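Raw contents of final.txt, compact mmCIF, N, CA and C atoms:
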# COMPACT_ATOMS: atom_id res chain seq x y z
N MET A 22 5.75 -13.66 -7.88
CA MET A 22 4.66 -12.85 -8.39
C MET A 22 5.10 -11.39 -8.50
N THR A 23 4.49 -10.71 -9.43
CA THR A 23 4.74 -9.28 -9.56
C THR A 23 3.97 -8.55 -8.46
N PRO A 24 4.31 -7.29 -8.18
CA PRO A 24 3.54 -6.53 -7.18
C PRO A 24 2.05 -6.46 -7.51
N GLU A 25 1.72 -6.28 -8.78
CA GLU A 25 0.31 -6.25 -9.17
C GLU A 25 -0.37 -7.58 -8.87
N GLN A 26 0.29 -8.67 -9.14
CA GLN A 26 -0.28 -9.99 -8.87
C GLN A 26 -0.46 -10.23 -7.37
N LYS A 27 0.45 -9.70 -6.56
CA LYS A 27 0.31 -9.84 -5.11
C LYS A 27 -0.94 -9.11 -4.62
N ILE A 28 -1.21 -7.94 -5.20
CA ILE A 28 -2.42 -7.20 -4.83
C ILE A 28 -3.66 -7.96 -5.27
N LYS A 29 -3.62 -8.53 -6.46
CA LYS A 29 -4.76 -9.32 -6.94
C LYS A 29 -5.03 -10.50 -6.01
N GLN A 30 -3.98 -11.12 -5.50
CA GLN A 30 -4.16 -12.23 -4.56
C GLN A 30 -4.78 -11.74 -3.26
N LEU A 31 -4.36 -10.58 -2.78
CA LEU A 31 -4.98 -10.01 -1.57
C LEU A 31 -6.46 -9.76 -1.79
N ILE A 32 -6.82 -9.24 -2.97
CA ILE A 32 -8.22 -8.96 -3.29
C ILE A 32 -9.02 -10.25 -3.35
N LEU A 33 -8.50 -11.27 -4.02
CA LEU A 33 -9.20 -12.56 -4.11
C LEU A 33 -9.38 -13.19 -2.72
N ASN A 34 -8.37 -13.10 -1.88
CA ASN A 34 -8.48 -13.67 -0.53
C ASN A 34 -9.51 -12.92 0.31
N LEU A 35 -9.56 -11.59 0.18
CA LEU A 35 -10.56 -10.80 0.91
C LEU A 35 -11.96 -11.16 0.44
N GLN A 36 -12.14 -11.27 -0.86
CA GLN A 36 -13.45 -11.64 -1.40
C GLN A 36 -13.88 -13.01 -0.89
N ALA A 37 -12.95 -13.95 -0.86
CA ALA A 37 -13.27 -15.29 -0.37
C ALA A 37 -13.66 -15.25 1.11
N ARG A 38 -12.93 -14.46 1.89
CA ARG A 38 -13.25 -14.35 3.32
C ARG A 38 -14.63 -13.74 3.52
N TRP A 39 -14.95 -12.70 2.75
CA TRP A 39 -16.26 -12.06 2.86
C TRP A 39 -17.39 -13.00 2.47
N SER A 40 -17.16 -13.85 1.49
CA SER A 40 -18.22 -14.74 1.02
C SER A 40 -18.21 -16.10 1.74
N GLY A 41 -17.28 -16.30 2.66
CA GLY A 41 -17.22 -17.55 3.42
C GLY A 41 -16.68 -18.72 2.61
N GLU A 42 -15.98 -18.44 1.56
CA GLU A 42 -15.43 -19.49 0.71
C GLU A 42 -13.94 -19.66 0.98
N THR A 43 -13.36 -20.68 0.39
CA THR A 43 -11.93 -20.90 0.49
C THR A 43 -11.23 -20.05 -0.56
N ALA A 44 -10.11 -19.44 -0.18
CA ALA A 44 -9.36 -18.61 -1.12
C ALA A 44 -8.85 -19.48 -2.26
N PRO A 45 -8.89 -18.97 -3.48
CA PRO A 45 -8.42 -19.76 -4.62
C PRO A 45 -6.91 -20.02 -4.54
N ASP A 46 -6.50 -21.17 -5.03
CA ASP A 46 -5.10 -21.53 -5.07
C ASP A 46 -4.50 -20.90 -6.33
N VAL A 47 -3.69 -19.88 -6.15
CA VAL A 47 -3.14 -19.15 -7.29
C VAL A 47 -1.62 -19.12 -7.24
N ASN A 48 -1.03 -18.90 -8.40
CA ASN A 48 0.41 -18.72 -8.50
C ASN A 48 0.66 -17.69 -9.60
N ALA A 49 1.94 -17.40 -9.87
CA ALA A 49 2.28 -16.37 -10.85
C ALA A 49 1.75 -16.68 -12.25
N GLU A 50 1.57 -17.96 -12.56
CA GLU A 50 1.12 -18.33 -13.90
C GLU A 50 -0.40 -18.19 -14.09
N ASN A 51 -1.19 -18.36 -13.02
CA ASN A 51 -2.64 -18.36 -13.21
C ASN A 51 -3.39 -17.22 -12.52
N ILE A 52 -2.70 -16.39 -11.75
CA ILE A 52 -3.38 -15.36 -10.96
C ILE A 52 -4.18 -14.39 -11.83
N ASP A 53 -3.63 -13.98 -12.95
CA ASP A 53 -4.33 -13.00 -13.80
C ASP A 53 -5.62 -13.58 -14.37
N GLU A 54 -5.58 -14.83 -14.80
CA GLU A 54 -6.78 -15.48 -15.34
C GLU A 54 -7.84 -15.68 -14.25
N VAL A 55 -7.41 -16.13 -13.09
CA VAL A 55 -8.34 -16.35 -11.97
C VAL A 55 -8.97 -15.02 -11.56
N PHE A 56 -8.16 -13.98 -11.48
CA PHE A 56 -8.66 -12.66 -11.09
C PHE A 56 -9.67 -12.14 -12.11
N ASP A 57 -9.33 -12.21 -13.39
CA ASP A 57 -10.23 -11.71 -14.43
C ASP A 57 -11.56 -12.48 -14.43
N ALA A 58 -11.50 -13.79 -14.23
CA ALA A 58 -12.73 -14.60 -14.18
C ALA A 58 -13.57 -14.23 -12.96
N ALA A 59 -12.93 -14.00 -11.82
CA ALA A 59 -13.67 -13.65 -10.61
C ALA A 59 -14.24 -12.24 -10.69
N ASN A 60 -13.61 -11.38 -11.46
CA ASN A 60 -14.04 -9.99 -11.55
C ASN A 60 -15.01 -9.74 -12.71
N GLU A 61 -15.56 -10.81 -13.26
CA GLU A 61 -16.54 -10.65 -14.32
C GLU A 61 -17.72 -9.84 -13.79
N ASP A 62 -18.21 -8.90 -14.57
CA ASP A 62 -19.30 -7.99 -14.18
C ASP A 62 -18.95 -7.19 -12.93
N TRP A 63 -17.66 -6.88 -12.74
CA TRP A 63 -17.19 -6.06 -11.62
C TRP A 63 -17.53 -6.66 -10.26
N ALA A 64 -17.55 -7.98 -10.16
CA ALA A 64 -17.93 -8.66 -8.92
C ALA A 64 -16.95 -8.39 -7.78
N LEU A 65 -15.73 -8.02 -8.08
CA LEU A 65 -14.72 -7.78 -7.04
C LEU A 65 -14.58 -6.30 -6.67
N GLN A 66 -15.45 -5.46 -7.17
CA GLN A 66 -15.30 -4.02 -7.00
C GLN A 66 -15.17 -3.60 -5.54
N ASP A 67 -15.98 -4.16 -4.65
CA ASP A 67 -15.90 -3.80 -3.23
C ASP A 67 -14.57 -4.25 -2.62
N SER A 68 -14.12 -5.44 -2.98
CA SER A 68 -12.85 -5.94 -2.47
C SER A 68 -11.68 -5.14 -3.01
N ILE A 69 -11.75 -4.77 -4.27
CA ILE A 69 -10.70 -3.95 -4.88
C ILE A 69 -10.59 -2.62 -4.14
N ASN A 70 -11.72 -1.98 -3.92
CA ASN A 70 -11.70 -0.67 -3.25
C ASN A 70 -11.27 -0.80 -1.79
N GLU A 71 -11.64 -1.87 -1.13
CA GLU A 71 -11.23 -2.08 0.26
C GLU A 71 -9.71 -2.21 0.36
N ILE A 72 -9.11 -2.98 -0.51
CA ILE A 72 -7.65 -3.12 -0.50
C ILE A 72 -7.00 -1.79 -0.87
N ARG A 73 -7.52 -1.12 -1.88
CA ARG A 73 -6.97 0.16 -2.32
C ARG A 73 -6.91 1.17 -1.18
N CYS A 74 -7.92 1.15 -0.33
CA CYS A 74 -8.02 2.12 0.76
C CYS A 74 -7.39 1.64 2.07
N SER A 75 -6.87 0.42 2.11
CA SER A 75 -6.45 -0.16 3.38
C SER A 75 -4.94 -0.18 3.62
N GLY A 76 -4.18 0.42 2.77
CA GLY A 76 -2.74 0.38 2.94
C GLY A 76 -2.28 1.19 4.14
N ILE A 77 -1.09 0.90 4.60
CA ILE A 77 -0.45 1.63 5.69
C ILE A 77 0.42 2.70 5.07
N GLU A 78 0.29 3.94 5.51
CA GLU A 78 1.07 5.03 4.94
C GLU A 78 2.56 4.80 5.18
N THR A 79 3.36 4.93 4.12
CA THR A 79 4.79 4.63 4.22
C THR A 79 5.67 5.86 4.32
N GLY A 80 5.19 6.99 3.86
CA GLY A 80 6.02 8.19 3.85
C GLY A 80 6.97 8.25 2.66
N LEU A 81 6.93 7.26 1.77
CA LEU A 81 7.76 7.26 0.58
C LEU A 81 7.22 8.27 -0.43
N LYS A 82 8.07 8.74 -1.33
CA LYS A 82 7.60 9.63 -2.39
C LYS A 82 6.71 8.84 -3.34
N CYS A 83 5.71 9.51 -3.89
CA CYS A 83 4.78 8.83 -4.78
C CYS A 83 4.34 9.76 -5.90
N ASP A 84 3.57 9.20 -6.83
CA ASP A 84 3.03 9.98 -7.93
C ASP A 84 2.11 11.07 -7.38
N TRP A 85 1.88 12.09 -8.17
CA TRP A 85 0.98 13.15 -7.75
C TRP A 85 0.18 13.64 -8.95
N SER A 86 -0.87 14.34 -8.65
CA SER A 86 -1.74 14.90 -9.68
C SER A 86 -2.29 16.22 -9.16
N ARG A 87 -2.55 17.13 -10.04
CA ARG A 87 -3.13 18.39 -9.57
C ARG A 87 -4.61 18.23 -9.25
N HIS A 88 -5.20 17.10 -9.63
CA HIS A 88 -6.63 16.88 -9.42
C HIS A 88 -6.95 16.12 -8.13
N TYR A 89 -5.98 15.34 -7.62
CA TYR A 89 -6.23 14.49 -6.46
C TYR A 89 -5.08 14.57 -5.47
N GLU A 90 -5.38 14.24 -4.24
CA GLU A 90 -4.35 14.06 -3.22
C GLU A 90 -3.81 12.65 -3.37
N SER A 91 -2.58 12.42 -2.91
CA SER A 91 -2.02 11.07 -3.00
C SER A 91 -1.07 10.83 -1.84
N GLU A 92 -0.94 9.57 -1.49
CA GLU A 92 0.07 9.16 -0.51
C GLU A 92 0.51 7.74 -0.84
N ALA A 93 1.76 7.47 -0.50
CA ALA A 93 2.31 6.13 -0.72
C ALA A 93 1.87 5.25 0.44
N VAL A 94 1.31 4.09 0.10
CA VAL A 94 0.85 3.14 1.11
C VAL A 94 1.39 1.76 0.77
N ALA A 95 1.34 0.87 1.74
CA ALA A 95 1.82 -0.50 1.52
C ALA A 95 0.98 -1.46 2.35
N MET A 96 1.03 -2.73 1.95
CA MET A 96 0.32 -3.80 2.66
C MET A 96 1.16 -5.05 2.55
N GLN A 97 1.07 -5.88 3.58
CA GLN A 97 1.81 -7.14 3.55
C GLN A 97 1.07 -8.13 2.67
N ALA A 98 1.79 -8.73 1.75
CA ALA A 98 1.21 -9.69 0.82
C ALA A 98 1.10 -11.06 1.49
N VAL A 99 0.42 -11.96 0.82
CA VAL A 99 0.19 -13.31 1.34
C VAL A 99 1.50 -14.04 1.59
N ASP A 100 2.51 -13.79 0.75
CA ASP A 100 3.80 -14.47 0.91
C ASP A 100 4.70 -13.84 1.97
N GLY A 101 4.22 -12.79 2.65
CA GLY A 101 4.98 -12.14 3.71
C GLY A 101 5.76 -10.92 3.25
N SER A 102 5.90 -10.74 1.95
CA SER A 102 6.58 -9.55 1.44
C SER A 102 5.62 -8.36 1.54
N TRP A 103 6.13 -7.18 1.25
CA TRP A 103 5.31 -5.97 1.27
C TRP A 103 5.21 -5.40 -0.13
N VAL A 104 4.05 -4.89 -0.46
CA VAL A 104 3.80 -4.28 -1.77
C VAL A 104 3.21 -2.90 -1.53
N GLY A 105 3.67 -1.93 -2.32
CA GLY A 105 3.21 -0.55 -2.15
C GLY A 105 2.53 -0.03 -3.40
N TRP A 106 1.76 1.04 -3.22
CA TRP A 106 1.09 1.70 -4.34
C TRP A 106 0.74 3.12 -3.95
N THR A 107 0.31 3.90 -4.92
CA THR A 107 -0.15 5.25 -4.65
C THR A 107 -1.64 5.21 -4.39
N TYR A 108 -2.03 5.72 -3.22
CA TYR A 108 -3.45 5.81 -2.87
C TYR A 108 -3.93 7.20 -3.25
N TRP A 109 -4.87 7.24 -4.17
CA TRP A 109 -5.43 8.50 -4.64
C TRP A 109 -6.73 8.78 -3.90
N PHE A 110 -6.92 10.03 -3.48
CA PHE A 110 -8.16 10.39 -2.77
C PHE A 110 -8.45 11.87 -3.01
N GLY A 111 -9.63 12.32 -2.58
CA GLY A 111 -10.02 13.71 -2.74
C GLY A 111 -10.59 13.98 -4.12
N GLY A 112 -10.41 15.18 -4.58
CA GLY A 112 -10.89 15.55 -5.91
C GLY A 112 -12.18 16.32 -5.91
N GLY A 113 -12.76 16.53 -4.75
CA GLY A 113 -13.98 17.32 -4.69
C GLY A 113 -15.23 16.57 -5.08
N LYS A 114 -16.29 17.33 -5.23
CA LYS A 114 -17.62 16.78 -5.48
C LYS A 114 -17.70 15.87 -6.70
N HIS A 115 -17.02 16.21 -7.75
CA HIS A 115 -17.11 15.44 -8.98
C HIS A 115 -15.87 14.57 -9.22
N GLY A 116 -15.04 14.45 -8.19
CA GLY A 116 -13.82 13.65 -8.32
C GLY A 116 -14.12 12.16 -8.33
N GLU A 117 -13.24 11.41 -8.92
CA GLU A 117 -13.37 9.95 -8.98
C GLU A 117 -11.96 9.35 -8.82
N PRO A 118 -11.37 9.48 -7.62
CA PRO A 118 -10.00 9.01 -7.44
C PRO A 118 -9.85 7.50 -7.59
N GLU A 119 -10.91 6.75 -7.37
CA GLU A 119 -10.81 5.29 -7.51
C GLU A 119 -10.62 4.87 -8.97
N ALA A 120 -10.85 5.78 -9.91
CA ALA A 120 -10.64 5.48 -11.32
C ALA A 120 -9.17 5.65 -11.73
N MET A 121 -8.37 6.25 -10.87
CA MET A 121 -6.95 6.42 -11.19
C MET A 121 -6.27 5.05 -11.19
N PRO A 122 -5.42 4.78 -12.17
CA PRO A 122 -4.72 3.50 -12.18
C PRO A 122 -3.76 3.40 -10.99
N TRP A 123 -3.83 2.29 -10.29
CA TRP A 123 -2.96 2.12 -9.13
C TRP A 123 -2.34 0.73 -9.08
N MET A 124 -3.12 -0.29 -9.37
CA MET A 124 -2.61 -1.66 -9.27
C MET A 124 -1.44 -1.90 -10.22
N GLU A 125 -1.57 -1.43 -11.45
CA GLU A 125 -0.51 -1.68 -12.43
C GLU A 125 0.76 -0.90 -12.13
N HIS A 126 0.68 0.07 -11.22
CA HIS A 126 1.86 0.85 -10.84
C HIS A 126 2.39 0.44 -9.47
N ALA A 127 1.94 -0.68 -8.95
CA ALA A 127 2.38 -1.16 -7.63
C ALA A 127 3.86 -1.53 -7.69
N TYR A 128 4.48 -1.56 -6.53
CA TYR A 128 5.91 -1.84 -6.44
C TYR A 128 6.20 -2.58 -5.14
N ASP A 129 7.29 -3.35 -5.15
CA ASP A 129 7.72 -4.03 -3.93
C ASP A 129 8.38 -3.02 -3.00
N VAL A 130 8.18 -3.18 -1.71
CA VAL A 130 8.85 -2.34 -0.72
C VAL A 130 9.41 -3.24 0.38
N ASP A 131 10.44 -2.75 1.03
CA ASP A 131 10.98 -3.43 2.19
C ASP A 131 10.41 -2.78 3.43
N CYS A 132 10.13 -3.57 4.45
CA CYS A 132 9.58 -3.06 5.69
C CYS A 132 10.41 -3.60 6.85
N ALA A 133 10.98 -2.70 7.63
CA ALA A 133 11.68 -3.09 8.85
C ALA A 133 10.76 -2.75 10.01
N GLU A 134 10.43 -3.74 10.78
CA GLU A 134 9.47 -3.57 11.87
C GLU A 134 10.18 -3.74 13.20
N GLU A 135 9.92 -2.82 14.13
CA GLU A 135 10.51 -2.94 15.45
C GLU A 135 9.46 -2.56 16.49
N VAL A 136 9.55 -3.22 17.63
CA VAL A 136 8.62 -2.96 18.73
C VAL A 136 9.26 -1.93 19.64
N LYS A 137 8.50 -0.89 20.01
CA LYS A 137 8.99 0.15 20.91
C LYS A 137 8.04 0.26 22.10
N VAL A 138 8.61 0.43 23.26
CA VAL A 138 7.81 0.65 24.47
C VAL A 138 7.58 2.15 24.60
N VAL A 139 6.34 2.54 24.79
CA VAL A 139 5.99 3.95 24.87
C VAL A 139 5.25 4.22 26.17
N THR A 140 5.64 5.27 26.86
CA THR A 140 4.93 5.70 28.06
C THR A 140 4.02 6.85 27.68
N VAL A 141 2.75 6.72 27.99
CA VAL A 141 1.77 7.76 27.70
C VAL A 141 1.24 8.27 29.02
N ARG A 142 1.32 9.58 29.25
CA ARG A 142 0.82 10.18 30.48
C ARG A 142 -0.42 11.00 30.17
N THR A 143 -1.45 10.83 30.98
CA THR A 143 -2.68 11.61 30.86
C THR A 143 -2.89 12.33 32.17
N PHE A 144 -2.99 13.64 32.12
CA PHE A 144 -3.14 14.44 33.33
C PHE A 144 -4.56 14.99 33.42
N THR A 145 -5.11 14.98 34.61
CA THR A 145 -6.40 15.60 34.89
C THR A 145 -6.32 16.30 36.24
N LYS A 146 -7.17 17.27 36.46
CA LYS A 146 -7.23 17.93 37.76
C LYS A 146 -8.10 17.10 38.68
N PRO A 147 -7.71 16.97 39.96
CA PRO A 147 -8.53 16.21 40.89
C PRO A 147 -9.85 16.95 41.16
N ALA A 148 -10.88 16.17 41.46
CA ALA A 148 -12.18 16.76 41.79
C ALA A 148 -12.06 17.49 43.11
N ALA A 149 -12.66 18.67 43.19
CA ALA A 149 -12.55 19.50 44.41
C ALA A 149 -13.48 19.05 45.49
Could you rewrite the structure in this file as structure tokens?
Amino acid sequence: MTPEQKIKQLILNLQARWSGETAPDVNAENIDEVFDAANEDWALQDSINEIRCSGIETGLKCDWSRHYESEAVAMQAVDGSWVGWTYWFGGGKHGEPEAMPWMEHAYDVDCAEEVKVVTVRTFTKPAA
């Protein structure tokens, strides 16, 4: 699947989970048709926006605009790979960052994950 198709699959799976249904069985050949049919009358709008806003910040360079803030984010796809996109936000009172194209500009990313042990110390003064 392309990165855009992986995001569409994440959106369809989230919508199915929210509605208590089984996620549709999709592949690279039918994902676009299934997505378009499910998104008739903007039915997937909440799921689309939830995925758009749910990525993990990657720190990679990304697109920018003088009208909106942006950051590169990524999410693990259903197949275990990672897909990234530019998350647009801000824009002030009349801004509409969710209208910025993002899915069609998605890209595959590699993610190396490691577990680290961290010691956190919290200090307080004893009660007198």
What's around A:Ala49 at 7 Å? Count only N, CA and C atoms, leave out sequence neighbours fewer than 3 positions away in its own chain, and write the answer as a short mmCIF file (atom, residue, chain, number, x, y, z; two decimals) with N, CA and C atoms, in the frame of the given file.
data_model
loop_
_atom_site.label_atom_id
_atom_site.label_comp_id
_atom_site.auth_asym_id
_atom_site.auth_seq_id
_atom_site.Cartn_x
_atom_site.Cartn_y
_atom_site.Cartn_z
N MET A 22 5.75 -13.66 -7.88
CA MET A 22 4.66 -12.85 -8.39
C MET A 22 5.10 -11.39 -8.50
N THR A 23 4.49 -10.71 -9.43
CA THR A 23 4.74 -9.28 -9.56
C THR A 23 3.97 -8.55 -8.46
N ILE A 52 -2.70 -16.39 -11.75
CA ILE A 52 -3.38 -15.36 -10.96
C ILE A 52 -4.18 -14.39 -11.83
N ASP A 53 -3.63 -13.98 -12.95
CA ASP A 53 -4.33 -13.00 -13.80
C ASP A 53 -5.62 -13.58 -14.37
#
Point-to-point distance from atom CA of A:Trp63 to atom N of A:Thr79, Å rounded to tenths:
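Computed distance, atom CA of A:Trp63 to atom N of A:Thr79, equals 28.1 Å.
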Computed interatomic separation between atom CA of A:Ala95 and atom CA of A:Ile77 (Å)
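So the two atoms, atom CA of A:Ala95 and atom CA of A:Ile77, lie 5.2 Å apart.
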Hey, what's within 7 Å of A:Cys83 if we count all atoms listed in the file and toss same-chain stuff fewer than 6 positions away? As a PyMOL selection string, please?
chain A and resi 91-93+107
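Atom N of A:Glu135 lies 27.0 Å from atom CA of A:Trp123.
Closest approach to A:Ala127 from the set A:Val104, A:Ala149, A:Val139, A:Ile69 is made by A:Val104, with distances taken over all atoms listed in the file.
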